[in-house]
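Data block for input28.tsv (TSV, C-alpha atoms):
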chain	number	residue	atom	x	y	z
A	1	MET	CA	-17.55	-3.81	-35.84
A	2	LYS	CA	-17.91	-3.36	-39.61
A	3	LYS	CA	-21.70	-3.46	-39.22
A	4	ARG	CA	-21.54	-0.69	-36.61
A	5	ILE	CA	-19.44	1.49	-38.91
A	6	LEU	CA	-21.81	0.84	-41.82
A	7	LEU	CA	-24.85	1.67	-39.66
A	8	LEU	CA	-23.22	4.91	-38.44
A	9	PHE	CA	-22.44	5.96	-42.02
A	10	VAL	CA	-26.01	5.21	-43.14
A	11	LEU	CA	-27.40	7.27	-40.25
A	12	LEU	CA	-25.11	10.21	-41.16
A	13	ILE	CA	-26.19	10.09	-44.80
A	14	SER	CA	-29.84	9.81	-43.77
A	15	SER	CA	-29.60	12.85	-41.50
A	16	PHE	CA	-28.13	14.97	-44.32
A	17	LEU	CA	-30.84	13.83	-46.74
A	18	PHE	CA	-33.55	14.54	-44.15
A	19	VAL	CA	-32.31	18.12	-43.78
A	20	LEU	CA	-32.07	18.59	-47.52
A	21	SER	CA	-35.38	16.92	-48.48
A	22	PRO	CA	-37.62	20.03	-48.07
A	23	VAL	CA	-35.27	22.04	-50.28
A	24	ILE	CA	-35.15	19.30	-52.91
A	25	ALA	CA	-38.95	18.94	-52.86
A	26	GLU	CA	-39.42	22.68	-53.24
A	27	ASP	CA	-37.04	22.76	-56.21
A	28	SER	CA	-38.86	19.79	-57.78
A	29	GLU	CA	-42.17	21.66	-57.73
A	30	LYS	CA	-40.64	24.63	-59.53
A	31	SER	CA	-38.66	22.69	-62.12
A	32	PRO	CA	-39.85	20.37	-64.91
A	33	ALA	CA	-38.98	16.68	-64.82
A	34	ARG	CA	-36.15	17.09	-67.28
A	35	ASP	CA	-34.24	19.12	-64.65
A	36	HIS	CA	-34.20	16.34	-62.06
A	37	GLN	CA	-30.97	14.87	-63.43
A	38	GLU	CA	-29.23	18.16	-62.84
A	39	LYS	CA	-30.53	18.25	-59.27
A	40	VAL	CA	-28.96	14.88	-58.58
A	41	VAL	CA	-25.60	16.17	-59.82
A	42	GLU	CA	-25.86	19.16	-57.51
A	43	ARG	CA	-26.54	16.93	-54.52
A	44	THR	CA	-23.46	14.81	-55.20
A	45	THR	CA	-21.23	17.88	-54.80
A	46	LEU	CA	-21.79	17.59	-51.03
A	47	GLU	CA	-18.97	15.00	-50.98
A	48	LEU	CA	-19.92	13.92	-47.46
A	49	PRO	CA	-17.20	11.30	-46.88
A	50	GLU	CA	-14.44	13.77	-47.85
A	51	ARG	CA	-15.79	16.43	-45.53
A	52	LEU	CA	-16.15	13.99	-42.68
A	53	THR	CA	-12.42	13.17	-42.91
A	54	ARG	CA	-11.65	16.66	-41.57
A	55	PHE	CA	-12.79	15.38	-38.17
A	56	VAL	CA	-10.74	12.18	-38.16
A	57	TYR	CA	-7.98	13.42	-35.87
A	58	ASP	CA	-7.91	15.87	-32.97
A	59	SER	CA	-4.59	16.47	-31.25
A	60	GLY	CA	-6.31	17.96	-28.21
A	61	TYR	CA	-4.53	21.30	-28.59
A	62	GLN	CA	-6.16	24.56	-29.61
A	63	PHE	CA	-4.12	26.96	-31.75
A	64	ASP	CA	-5.73	29.82	-33.63
A	65	TYR	CA	-4.24	31.18	-36.83
A	66	PRO	CA	-2.98	34.70	-36.00
A	67	GLU	CA	-5.65	37.20	-37.06
A	68	ASP	CA	-3.13	39.67	-38.47
A	69	GLY	CA	-0.91	37.02	-40.06
A	70	VAL	CA	2.00	34.79	-39.13
A	71	ARG	CA	5.20	36.53	-38.06
A	72	GLY	CA	7.57	33.78	-37.04
A	73	ILE	CA	11.08	32.65	-36.22
A	74	TYR	CA	13.07	29.53	-37.03
A	75	VAL	CA	13.84	27.28	-34.05
A	76	THR	CA	16.22	24.30	-34.14
A	77	GLY	CA	15.59	21.13	-32.19
A	78	ASN	CA	18.43	22.07	-29.85
A	79	SER	CA	16.82	25.42	-29.11
A	80	ALA	CA	13.32	23.98	-28.76
A	81	GLY	CA	14.52	21.43	-26.23
A	82	GLY	CA	17.15	23.52	-24.50
A	83	GLU	CA	17.69	26.64	-22.41
A	84	ARG	CA	17.33	28.98	-25.38
A	85	PHE	CA	13.66	28.09	-25.65
A	86	GLU	CA	12.90	30.32	-22.66
A	87	SER	CA	14.56	33.36	-24.23
A	88	LEU	CA	12.75	32.72	-27.51
A	89	LEU	CA	9.45	32.54	-25.63
A	90	GLU	CA	10.31	35.85	-24.03
A	91	LEU	CA	11.04	37.33	-27.44
A	92	LEU	CA	7.63	36.32	-28.78
A	93	ASN	CA	5.79	37.36	-25.64
A	94	THR	CA	7.29	40.85	-25.68
A	95	THR	CA	7.04	41.62	-29.41
A	96	ASP	CA	4.60	41.27	-32.30
A	97	LEU	CA	6.10	37.92	-33.28
A	98	ASN	CA	3.60	35.09	-32.86
A	99	SER	CA	4.85	31.85	-34.46
A	100	MET	CA	7.66	29.31	-34.33
A	101	VAL	CA	8.92	27.09	-37.15
A	102	ILE	CA	10.43	24.15	-35.25
A	103	ASP	CA	12.69	21.47	-36.70
A	104	ILE	CA	11.03	18.06	-36.49
A	105	LYS	CA	13.12	16.40	-39.21
A	106	GLU	CA	16.34	18.36	-39.54
A	107	ASP	CA	18.88	18.92	-42.30
A	108	HIS	CA	20.78	15.65	-41.89
A	109	GLY	CA	17.63	13.51	-41.75
A	110	TYR	CA	17.25	12.96	-38.00
A	111	LEU	CA	14.07	13.45	-36.01
A	112	THR	CA	14.62	15.98	-33.24
A	113	TYR	CA	12.61	14.02	-30.65
A	114	ARG	CA	12.24	10.40	-29.54
A	115	PRO	CA	9.09	8.67	-30.75
A	116	GLU	CA	7.88	5.42	-29.17
A	117	GLU	CA	10.47	2.62	-29.30
A	118	ASP	CA	8.32	0.61	-31.69
A	119	SER	CA	8.17	3.52	-34.14
A	120	PRO	CA	9.85	2.88	-37.51
A	121	PHE	CA	11.61	6.22	-36.99
A	122	TYR	CA	13.08	5.53	-33.57
A	123	GLY	CA	16.44	4.62	-35.11
A	124	ILE	CA	16.81	8.00	-36.80
A	125	SER	CA	15.73	10.05	-33.77
A	126	GLN	CA	17.75	12.33	-31.50
A	127	ASN	CA	16.71	13.44	-28.04
A	128	PHE	CA	16.94	17.19	-28.67
A	129	ILE	CA	13.31	17.82	-27.68
A	130	SER	CA	13.05	15.54	-24.65
A	131	ASN	CA	9.42	16.35	-23.84
A	132	PRO	CA	7.42	17.23	-26.99
A	133	ASP	CA	4.11	17.22	-25.07
A	134	GLN	CA	5.37	19.80	-22.63
A	135	MET	CA	6.70	21.91	-25.50
A	136	MET	CA	3.33	21.87	-27.26
A	137	GLU	CA	1.52	22.72	-24.01
A	138	THR	CA	3.86	25.68	-23.51
A	139	LEU	CA	3.23	26.92	-27.03
A	140	GLU	CA	-0.52	26.60	-26.46
A	141	GLU	CA	-0.38	28.47	-23.14
A	142	ASN	CA	1.60	31.29	-24.75
A	143	GLU	CA	-0.64	31.40	-27.87
A	144	ILE	CA	2.28	30.71	-30.18
A	145	TYR	CA	1.33	29.26	-33.55
A	146	PRO	CA	3.33	26.04	-34.16
A	147	ILE	CA	4.77	25.06	-37.56
A	148	ALA	CA	6.74	21.82	-38.04
A	149	ARG	CA	9.71	22.05	-40.41
A	150	ILE	CA	10.47	18.81	-42.23
A	151	VAL	CA	13.52	18.62	-44.50
A	152	VAL	CA	12.55	16.27	-47.31
A	153	PHE	CA	15.00	15.32	-50.05
A	154	LYS	CA	18.26	16.44	-48.41
A	155	ASP	CA	18.72	13.41	-46.17
A	156	SER	CA	22.17	11.96	-45.56
A	157	VAL	CA	20.83	9.52	-42.96
A	158	LEU	CA	18.37	7.79	-45.28
A	159	ALA	CA	20.74	7.99	-48.25
A	160	GLU	CA	23.50	6.15	-46.38
A	161	GLU	CA	21.08	3.53	-45.05
A	162	ARG	CA	19.34	3.03	-48.39
A	163	PRO	CA	21.64	3.92	-51.33
A	164	ASP	CA	18.94	2.55	-53.66
A	165	LEU	CA	16.81	5.53	-52.65
A	166	SER	CA	19.60	7.99	-53.37
A	167	PHE	CA	22.00	8.93	-56.18
A	168	THR	CA	25.20	6.96	-56.63
A	169	GLU	CA	28.54	7.58	-58.30
A	170	ASN	CA	31.09	4.81	-58.81
A	171	GLY	CA	29.07	2.60	-56.50
A	172	GLN	CA	29.01	5.12	-53.64
A	173	VAL	CA	26.32	7.53	-52.44
A	174	TRP	CA	26.94	10.83	-54.19
A	175	LYS	CA	27.44	13.90	-51.98
A	176	ASN	CA	27.66	17.57	-52.85
A	177	GLY	CA	30.58	19.85	-52.05
A	178	ARG	CA	29.33	20.30	-48.49
A	179	GLY	CA	29.25	16.56	-47.86
A	180	GLU	CA	25.44	16.37	-48.01
A	181	ALA	CA	23.56	13.50	-49.62
A	182	PHE	CA	20.11	13.65	-51.17
A	183	VAL	CA	17.41	11.06	-51.64
A	184	ASN	CA	15.57	10.60	-54.89
A	185	PRO	CA	12.43	12.74	-55.48
A	186	PHE	CA	11.30	10.36	-58.23
A	187	LEU	CA	10.57	7.55	-55.76
A	188	LYS	CA	7.22	7.24	-54.00
A	189	GLU	CA	8.83	5.27	-51.18
A	190	VAL	CA	10.79	8.43	-50.34
A	191	TRP	CA	7.59	10.48	-50.50
A	192	ASP	CA	5.78	8.17	-48.10
A	193	TYR	CA	8.73	8.09	-45.70
A	194	ASN	CA	8.60	11.87	-45.28
A	195	ILE	CA	4.83	12.17	-45.22
A	196	ASP	CA	4.65	9.49	-42.53
A	197	ILE	CA	6.88	11.76	-40.43
A	198	ALA	CA	4.66	14.73	-41.29
A	199	GLU	CA	1.63	12.80	-40.05
A	200	GLU	CA	3.37	12.24	-36.71
A	201	ALA	CA	4.03	15.99	-36.46
A	202	ALA	CA	0.35	16.66	-37.14
A	203	LYS	CA	-0.60	14.21	-34.39
A	204	MET	CA	1.73	16.08	-32.02
A	205	GLY	CA	-0.42	19.17	-32.51
A	206	PHE	CA	1.39	21.22	-35.14
A	207	GLU	CA	-1.02	23.34	-37.17
A	208	GLU	CA	1.15	23.49	-40.26
A	209	ILE	CA	3.66	21.22	-41.96
A	210	GLN	CA	6.42	23.11	-43.70
A	211	PHE	CA	8.41	21.05	-46.20
A	212	ASP	CA	11.94	22.26	-46.94
A	213	TYR	CA	14.43	21.04	-49.56
A	214	VAL	CA	11.59	19.99	-51.83
A	215	ARG	CA	13.94	19.68	-54.77
A	216	PHE	CA	16.76	17.88	-56.47
A	217	PRO	CA	20.35	18.82	-55.56
A	218	GLU	CA	21.55	22.15	-56.93
A	219	GLY	CA	23.16	21.84	-60.34
A	220	PHE	CA	21.60	18.43	-60.92
A	221	GLU	CA	21.21	19.19	-64.64
A	222	ARG	CA	25.01	18.92	-64.96
A	223	ARG	CA	25.19	15.44	-63.45
A	224	ASP	CA	21.88	13.75	-64.16
A	225	GLU	CA	23.50	11.69	-66.94
A	226	SER	CA	26.48	10.57	-64.85
A	227	LEU	CA	24.79	9.59	-61.58
A	228	GLY	CA	23.05	6.28	-61.00
A	229	TYR	CA	19.43	6.49	-59.91
A	230	SER	CA	15.92	5.26	-60.67
A	231	VAL	CA	13.18	7.42	-62.15
A	232	GLY	CA	10.51	5.09	-60.77
A	233	GLU	CA	7.09	5.61	-62.27
A	234	TYR	CA	8.47	8.44	-64.43
A	235	GLU	CA	10.26	5.99	-66.73
A	236	GLY	CA	9.37	6.70	-70.36
A	237	GLY	CA	6.37	8.90	-71.06
A	238	ASP	CA	6.35	12.44	-72.34
A	239	GLY	CA	8.73	15.23	-71.46
A	240	ASP	CA	12.49	15.58	-71.12
A	241	ASN	CA	14.47	15.12	-67.93
A	242	ILE	CA	13.73	18.69	-66.85
A	243	GLN	CA	9.97	18.22	-67.09
A	244	LYS	CA	10.17	14.87	-65.31
A	245	ARG	CA	11.98	16.52	-62.39
A	246	VAL	CA	9.38	19.28	-62.25
A	247	SER	CA	6.60	16.69	-62.33
A	248	ALA	CA	8.17	14.64	-59.53
A	249	VAL	CA	8.57	17.63	-57.19
A	250	THR	CA	5.10	18.99	-57.94
A	251	ASP	CA	3.48	15.56	-57.61
A	252	PHE	CA	5.11	15.06	-54.21
A	253	VAL	CA	3.63	18.31	-52.92
A	254	ALA	CA	0.15	17.48	-54.24
A	255	TYR	CA	0.34	13.97	-52.78
A	256	ALA	CA	1.51	15.25	-49.40
A	257	ARG	CA	-1.36	17.72	-49.20
A	258	GLU	CA	-3.84	14.96	-50.05
A	259	ARG	CA	-2.48	12.58	-47.42
A	260	LEU	CA	-2.40	15.26	-44.73
A	261	ALA	CA	-5.96	16.42	-45.36
A	262	PRO	CA	-7.46	14.24	-42.57
A	263	TYR	CA	-5.35	16.12	-40.03
A	264	ASP	CA	-6.72	19.54	-41.03
A	265	VAL	CA	-3.23	21.07	-41.17
A	266	ASP	CA	-1.94	23.64	-43.60
A	267	VAL	CA	0.84	22.58	-45.96
A	268	SER	CA	3.64	24.97	-46.85
A	269	VAL	CA	6.80	24.71	-48.92
A	270	ASP	CA	10.09	26.59	-48.75
A	271	ILE	CA	11.36	27.54	-52.18
A	272	PHE	CA	14.24	29.48	-53.70
A	273	GLY	CA	13.25	33.09	-54.32
A	274	TYR	CA	14.70	33.11	-57.81
A	275	ALA	CA	12.27	30.33	-58.78
A	276	ALA	CA	9.54	32.98	-58.94
A	277	THR	CA	11.51	34.99	-61.47
A	278	ILE	CA	11.89	32.21	-64.08
A	279	SER	CA	9.52	29.72	-65.67
A	280	GLU	CA	11.16	26.89	-63.76
A	281	ALA	CA	14.48	26.00	-62.18
A	282	PRO	CA	15.74	23.32	-64.61
A	283	GLY	CA	18.12	21.39	-62.38
A	284	ILE	CA	16.28	21.25	-59.08
A	285	GLY	CA	12.78	20.66	-60.46
A	286	GLN	CA	11.06	23.62	-58.81
A	287	ASN	CA	8.28	25.36	-60.73
A	288	PHE	CA	7.05	28.21	-58.54
A	289	SER	CA	3.53	28.38	-59.99
A	290	LYS	CA	2.93	24.63	-59.98
A	291	ILE	CA	4.11	24.21	-56.41
A	292	SER	CA	2.07	27.24	-55.32
A	293	GLU	CA	-1.07	25.68	-56.78
A	294	ASN	CA	-0.70	22.75	-54.38
A	295	VAL	CA	0.05	24.42	-51.05
A	296	ASP	CA	-1.67	26.64	-48.52
A	297	VAL	CA	1.44	28.75	-47.93
A	298	ILE	CA	4.48	29.47	-50.09
A	299	SER	CA	7.65	30.62	-48.32
A	300	SER	CA	10.26	32.02	-50.66
A	301	MET	CA	13.76	32.33	-49.25
A	302	ILE	CA	14.57	35.87	-50.27
A	303	TYR	CA	17.57	36.70	-48.08
A	304	PRO	CA	19.37	39.60	-49.82
A	305	SER	CA	22.70	37.87	-49.22
A	306	HIS	CA	21.66	34.88	-51.33
A	307	TRP	CA	21.11	36.78	-54.58
A	308	THR	CA	23.61	37.40	-57.33
A	309	PRO	CA	23.26	40.77	-59.11
A	310	TYR	CA	19.52	40.84	-59.76
A	311	PHE	CA	16.78	43.38	-60.37
A	312	GLY	CA	19.53	45.78	-61.42
A	313	ILE	CA	21.08	45.60	-57.92
A	314	ASP	CA	24.78	44.80	-58.12
A	315	LYS	CA	25.34	43.96	-54.44
A	316	PRO	CA	21.94	42.88	-53.09
A	317	ASP	CA	23.01	42.40	-49.46
A	318	LEU	CA	23.68	46.13	-49.25
A	319	TYR	CA	20.10	46.95	-50.24
A	320	PRO	CA	17.64	44.90	-48.15
A	321	TYR	CA	14.68	47.23	-48.79
A	322	GLU	CA	15.19	47.54	-52.54
A	323	LEU	CA	15.87	43.84	-53.12
A	324	THR	CA	12.87	42.73	-51.07
A	325	LYS	CA	10.54	45.21	-52.72
A	326	GLU	CA	11.55	44.23	-56.26
A	327	TYR	CA	11.15	40.56	-55.46
A	328	ALA	CA	7.71	41.13	-53.93
A	329	LYS	CA	6.52	42.84	-57.10
A	330	VAL	CA	7.52	39.83	-59.20
A	331	GLU	CA	6.00	37.30	-56.82
A	332	ASN	CA	2.73	39.23	-56.69
A	333	GLN	CA	2.51	39.01	-60.47
A	334	VAL	CA	3.12	35.27	-60.50
A	335	LEU	CA	0.71	34.47	-57.68
A	336	GLY	CA	-1.85	36.90	-59.06
A	337	ALA	CA	-2.13	34.74	-62.18
A	338	LEU	CA	-3.29	31.73	-60.15
A	339	GLU	CA	-6.97	30.99	-59.53
A	340	GLU	CA	-6.42	30.21	-55.86
A	341	PRO	CA	-3.02	31.61	-54.80
A	342	PRO	CA	-1.54	30.48	-51.48
A	343	VAL	CA	-0.59	32.80	-48.65
A	344	SER	CA	2.78	34.42	-49.28
A	345	ARG	CA	5.06	34.18	-46.26
A	346	PRO	CA	8.70	34.81	-47.25
A	347	TRP	CA	11.79	33.96	-45.24
A	348	ILE	CA	13.78	37.12	-44.57
A	349	GLN	CA	17.28	37.71	-43.29
A	350	ASP	CA	18.23	38.29	-39.65
A	351	PHE	CA	21.91	37.37	-39.91
A	352	THR	CA	25.09	38.96	-41.23
A	353	ALA	CA	26.65	37.40	-44.33
A	354	ARG	CA	30.32	38.12	-43.65
A	355	TYR	CA	31.26	35.30	-46.01
A	356	LEU	CA	30.47	37.66	-48.89
A	357	GLY	CA	33.64	39.61	-48.18
A	358	ALA	CA	34.37	43.22	-47.34
A	359	GLY	CA	32.28	45.71	-49.27
A	360	ASN	CA	29.67	43.14	-50.24
A	361	TYR	CA	27.68	42.79	-47.03
A	362	LEU	CA	26.04	44.82	-44.26
A	363	GLU	CA	25.90	44.13	-40.56
A	364	TYR	CA	22.26	43.17	-40.29
A	365	GLY	CA	20.41	44.61	-37.32
A	366	LYS	CA	17.24	46.47	-36.45
A	367	ASP	CA	17.20	48.78	-39.50
A	368	GLU	CA	17.89	46.02	-42.03
A	369	VAL	CA	15.27	43.64	-40.63
A	370	GLU	CA	12.65	46.40	-40.51
A	371	ALA	CA	13.52	47.47	-44.06
A	372	GLN	CA	12.67	43.99	-45.39
A	373	ILE	CA	9.38	43.87	-43.48
A	374	ARG	CA	8.42	47.35	-44.62
A	375	ALA	CA	9.12	46.47	-48.25
A	376	LEU	CA	6.90	43.39	-48.00
A	377	ASN	CA	4.11	45.32	-46.29
A	378	GLU	CA	4.16	48.00	-48.96
A	379	GLU	CA	3.54	45.30	-51.58
A	380	GLY	CA	0.67	43.77	-49.63
A	381	ILE	CA	2.60	40.88	-48.05
A	382	ASN	CA	1.94	40.89	-44.32
A	383	GLU	CA	3.44	37.57	-43.23
A	384	PHE	CA	7.11	36.65	-42.86
A	385	LEU	CA	9.55	34.29	-41.17
A	386	LEU	CA	12.92	35.28	-39.74
A	387	TRP	CA	15.93	33.07	-40.42
A	388	ASN	CA	18.94	32.90	-38.18
A	389	ALA	CA	20.59	29.48	-38.11
A	390	SER	CA	21.77	29.95	-34.52
A	391	ASN	CA	18.37	31.34	-33.41
A	392	ARG	CA	19.89	34.60	-32.14
A	393	TYR	CA	17.49	37.27	-33.27
A	394	THR	CA	18.00	41.02	-33.31
A	395	GLU	CA	16.65	42.88	-30.28
A	396	GLY	CA	14.47	45.97	-30.43
A	397	VAL	CA	12.97	45.30	-33.88
A	398	ASN	CA	9.56	46.73	-34.71
A	399	TYR	CA	7.86	43.86	-36.49
A	400	LYS	CA	5.05	46.13	-37.67
A	401	PRO	CA	7.11	49.04	-39.03
Target encoding structure tokens, full file:
Amino acid sequence: MKKRILLLFVLLISSFLFVLSPVIAEDSEKSPARDHQEKVVERTTLELPERLTRFVYDSGYQFDYPEDGVRGIYVTGNSAGGERFESLLELLNTTDLNSMVIDIKEDHGYLTYRPEEDSPFYGISQNFISNPDQMMETLEENEIYPIARIVVFKDSVLAEERPDLSFTENGQVWKNGRGEAFVNPFLKEVWDYNIDIAEEAAKMGFEEIQFDYVRFPEGFERRDESLGYSVGEYEGGDGDNIQKRVSAVTDFVAYARERLAPYDVDVSVDIFGYAATISEAPGIGQNFSKISENVDVISSMIYPSHWTPYFGIDKPDLYPYELTKEYAKVENQVLGALEEPPVSRPWIQDFTARYLGAGNYLEYGKDEVEAQIRALNEEGINEFLLWNASNRYTEGVNYKP
């Protein structure tokens, strides 16, 4: 078997060299002998083995990236595998929406479908999406672009099972005020665990892997000295704790993109909107520019309700157009400084934040959703994702206002 593989590789290399040989010979006649070394360097840039890896896996599905950009909605596992899926299909088939971001590993750490029983992830799976193949076929038939959402470092399931991969306090797994546990972004075992799941999503046919909660817990800078945890390969070396957290988060993203390359999927990351407005978020380890350099798509969560007074706007939820427009200006500056910026595809708000209290929120409907989209479009951002945790989206919205 090894001999067959070796012979195939030799034949592939030979065919490339045969095609290139007339060009190389022609160049040799025009250039003196001292230039031949440079020619060899140019030929090595073909990087044949790396290019060939793009054809390693074919899911069998055909999804085209929307020509005029992704305009998507968030879909839970319950919705994707339940009755609501039909109404969401109807929404996309009757509007200019064209994509779904579907939970594959959800906020607690469970898979939303059952893999094979011998899968290492069978024990953390739930049967929300009972027939993933049928779901993917339906998406293909309806020309809906599929994106798999994978929640990474917020993972109560793994933390409880493996406290050594989490953060502990007084011998117990530490949880935040909402009762959520996180796993440790410093540890490569945690990275591989999540990327293995991402690979399974790619094999299912998803065209993009969207990583969420790619960060340390909020406010971690106030408790990093009191919690018990390992820093893994980041022990010692240069930089303070802040820089080590930034390095760990950035390195995870770069590593994930590298490992997913054979599946020819895009990699995207959800990130706090405010991360674009500062050099880096010190506690959670998110550096907007560094993460953006290692992804195909960056999705800032810019819901007006989630901002404190910012951009000179005292009550941001009351001003969806103004808040979104000011944010877009800042993000454009940051991404514009990168050599190869990713696609910008922000998460926008299609829910009402009554928890803000009377006088601090608006009832979000058609006008408010369109205002956010219009603000993005005016700043040259033509892709977006709608967030509504219950997947009930506003009717009658013009998604190309």
Ranking A:Val173, A:Ala198, A:Val152, A:Ile102 by minimum distance to Leu385 (chain A) and counting all atoms listed in the file, which one comes first?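 Looking only at the distances to Leu385 (chain A), the closest residue turns out to be A:Ile102.
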Taking only C-alpha atoms into account, which of A:Gly109, A:Gly72, A:Pro304, A:Pro346 comes nearest Leu88 (chain A)?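 Distance minimum relative to Leu88 (chain A) lands on A:Gly72.
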Would you kindly return, as a short mmCIF file (atom, residue, chain, number, x, y, z; two decimals) with C-alpha atoms, keeping the file's coordinate frame, each protein, DNA or RNA residue with an atom no farther than 7 Å from any atom of Ser59 (chain A), considering all atoms listed in the file and excluding same-chain residues fewer than 4 positions away?
data_model
loop_
_atom_site.label_atom_id
_atom_site.label_comp_id
_atom_site.auth_asym_id
_atom_site.auth_seq_id
_atom_site.Cartn_x
_atom_site.Cartn_y
_atom_site.Cartn_z
CA LYS A 203 -0.60 14.21 -34.39
CA MET A 204 1.73 16.08 -32.02
CA GLY A 205 -0.42 19.17 -32.51
#
Atom pair CA of Ile197 (chain A) + CA of Glu160 (chain A), distance 18.5 Å
Find, counting all atoms listed in the file, the residue in A:Glu383, A:Asp196, A:Asp317, A:Glu340 that gets nearest to Glu368 (chain A).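 Of A:Glu383, A:Asp196, A:Asp317, A:Glu340, the one nearest Glu368 (chain A), counting all atoms listed in the file, is A:Asp317.
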Which one is closest to Asp64 (chain A): A:Glu86, A:Glu141, A:Glu180, A:Glu339? Count only C-alpha atoms.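 Answer, going by the shortest atom-to-atom distance: A:Glu141.
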So which residues are close to (13.5, 46.2, -46.7), meaning at most 7 Å away in the file's coordinates with only C-alpha atoms counted, and can you show them as a PyMOL selection string? chain A and resi 320-322+324-325+368-375
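Atom pair CA of Ile195 (chain A) / CA of Val267 (chain A) has a distance of 11.2 Å (rounded to one decimal).
Across the model, the gap from CA of Thr277 (chain A) to CA of Pro342 (chain A) is 17.0 Å.
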Using all atoms listed in the file, pick whichever of A:Ile313, A:Val183, A:Ile124, A:Leu139 has the shortest atom-to-atom distance to Phe85 (chain A).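 Ranked by minimum distance to Phe85 (chain A), first place goes to A:Leu139.
Taking only C-alpha atoms into account, Pro309 (chain A) lies nearest to A:Asn360 out of the set A:Gly77, A:Asn360, A:Leu111, A:Asp367.
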Show which residues sit within 6 Å of Glu208 (chain A), as a ChimeraX atom specification. Count all atoms listed in the file, and ignore same-chain residues fewer than 2 positions away. /A:147,206,265-267
Who sits within 10 Å of region 130-132 of chain A, only C-alpha atoms, same chain under 2 positions skipped, as a ChimeraX atom specification: /A:77-78,80-82,112-115,126-128,134-138,204-205
Which residues come within 6 Å of Gly283 (chain A), counting only C-alpha atoms, excluding same-chain residues fewer than 3 positions away, as a list in words? Gly219, Phe220 and Glu221 of chain A
Contacts of Val70 (chain A) at 9 Å or less, counting only C-alpha atoms, minus same-chain residues fewer than 6 places along, as a ChimeraX atom specification? /A:97-99,145,345,382-385
Any chance you could tabulate, as JSON lines, the residues of region 153-243 of chain A at most 12 Å from region 252-262 of chain A with each one's nearest atom pair and distance in Å to one decimal, using only C-alpha atoms, in chain and rising number order?
{"residue": "A:Phe153", "atom": "CA", "partner": "A:Phe252", "partner_atom": "CA", "distance": 10.7}
{"residue": "A:Asn184", "atom": "CA", "partner": "A:Phe252", "partner_atom": "CA", "distance": 11.4}
{"residue": "A:Pro185", "atom": "CA", "partner": "A:Phe252", "partner_atom": "CA", "distance": 7.8}
{"residue": "A:Phe186", "atom": "CA", "partner": "A:Phe252", "partner_atom": "CA", "distance": 8.8}
{"residue": "A:Leu187", "atom": "CA", "partner": "A:Phe252", "partner_atom": "CA", "distance": 9.4}
{"residue": "A:Lys188", "atom": "CA", "partner": "A:Phe252", "partner_atom": "CA", "distance": 8.1}
{"residue": "A:Glu189", "atom": "CA", "partner": "A:Phe252", "partner_atom": "CA", "distance": 10.9}
{"residue": "A:Val190", "atom": "CA", "partner": "A:Phe252", "partner_atom": "CA", "distance": 9.5}
{"residue": "A:Trp191", "atom": "CA", "partner": "A:Phe252", "partner_atom": "CA", "distance": 6.4}
{"residue": "A:Asp192", "atom": "CA", "partner": "A:Ala256", "partner_atom": "CA", "distance": 8.4}
{"residue": "A:Tyr193", "atom": "CA", "partner": "A:Ala256", "partner_atom": "CA", "distance": 10.8}
{"residue": "A:Asn194", "atom": "CA", "partner": "A:Ala256", "partner_atom": "CA", "distance": 8.9}
{"residue": "A:Ile195", "atom": "CA", "partner": "A:Ala256", "partner_atom": "CA", "distance": 6.2}
{"residue": "A:Asp196", "atom": "CA", "partner": "A:Arg259", "partner_atom": "CA", "distance": 9.2}
{"residue": "A:Ile197", "atom": "CA", "partner": "A:Leu260", "partner_atom": "CA", "distance": 10.8}
{"residue": "A:Ala198", "atom": "CA", "partner": "A:Leu260", "partner_atom": "CA", "distance": 7.9}
{"residue": "A:Glu199", "atom": "CA", "partner": "A:Leu260", "partner_atom": "CA", "distance": 6.6}
{"residue": "A:Glu200", "atom": "CA", "partner": "A:Leu260", "partner_atom": "CA", "distance": 10.3}
{"residue": "A:Ala201", "atom": "CA", "partner": "A:Leu260", "partner_atom": "CA", "distance": 10.5}
{"residue": "A:Ala202", "atom": "CA", "partner": "A:Leu260", "partner_atom": "CA", "distance": 8.2}
{"residue": "A:Lys203", "atom": "CA", "partner": "A:Leu260", "partner_atom": "CA", "distance": 10.5}
{"residue": "A:Phe206", "atom": "CA", "partner": "A:Leu260", "partner_atom": "CA", "distance": 11.9}
{"residue": "A:Glu207", "atom": "CA", "partner": "A:Leu260", "partner_atom": "CA", "distance": 11.2}
{"residue": "A:Glu208", "atom": "CA", "partner": "A:Leu260", "partner_atom": "CA", "distance": 10.0}
{"residue": "A:Ile209", "atom": "CA", "partner": "A:Leu260", "partner_atom": "CA", "distance": 8.9}
{"residue": "A:Gln210", "atom": "CA", "partner": "A:Val253", "partner_atom": "CA", "distance": 10.8}
{"residue": "A:Phe211", "atom": "CA", "partner": "A:Val253", "partner_atom": "CA", "distance": 8.7}
{"residue": "A:Asp212", "atom": "CA", "partner": "A:Val253", "partner_atom": "CA", "distance": 11.0}
{"residue": "A:Tyr213", "atom": "CA", "partner": "A:Val253", "partner_atom": "CA", "distance": 11.6}
{"residue": "A:Val214", "atom": "CA", "partner": "A:Val253", "partner_atom": "CA", "distance": 8.2}
{"residue": "A:Arg215", "atom": "CA", "partner": "A:Phe252", "partner_atom": "CA", "distance": 10.0}
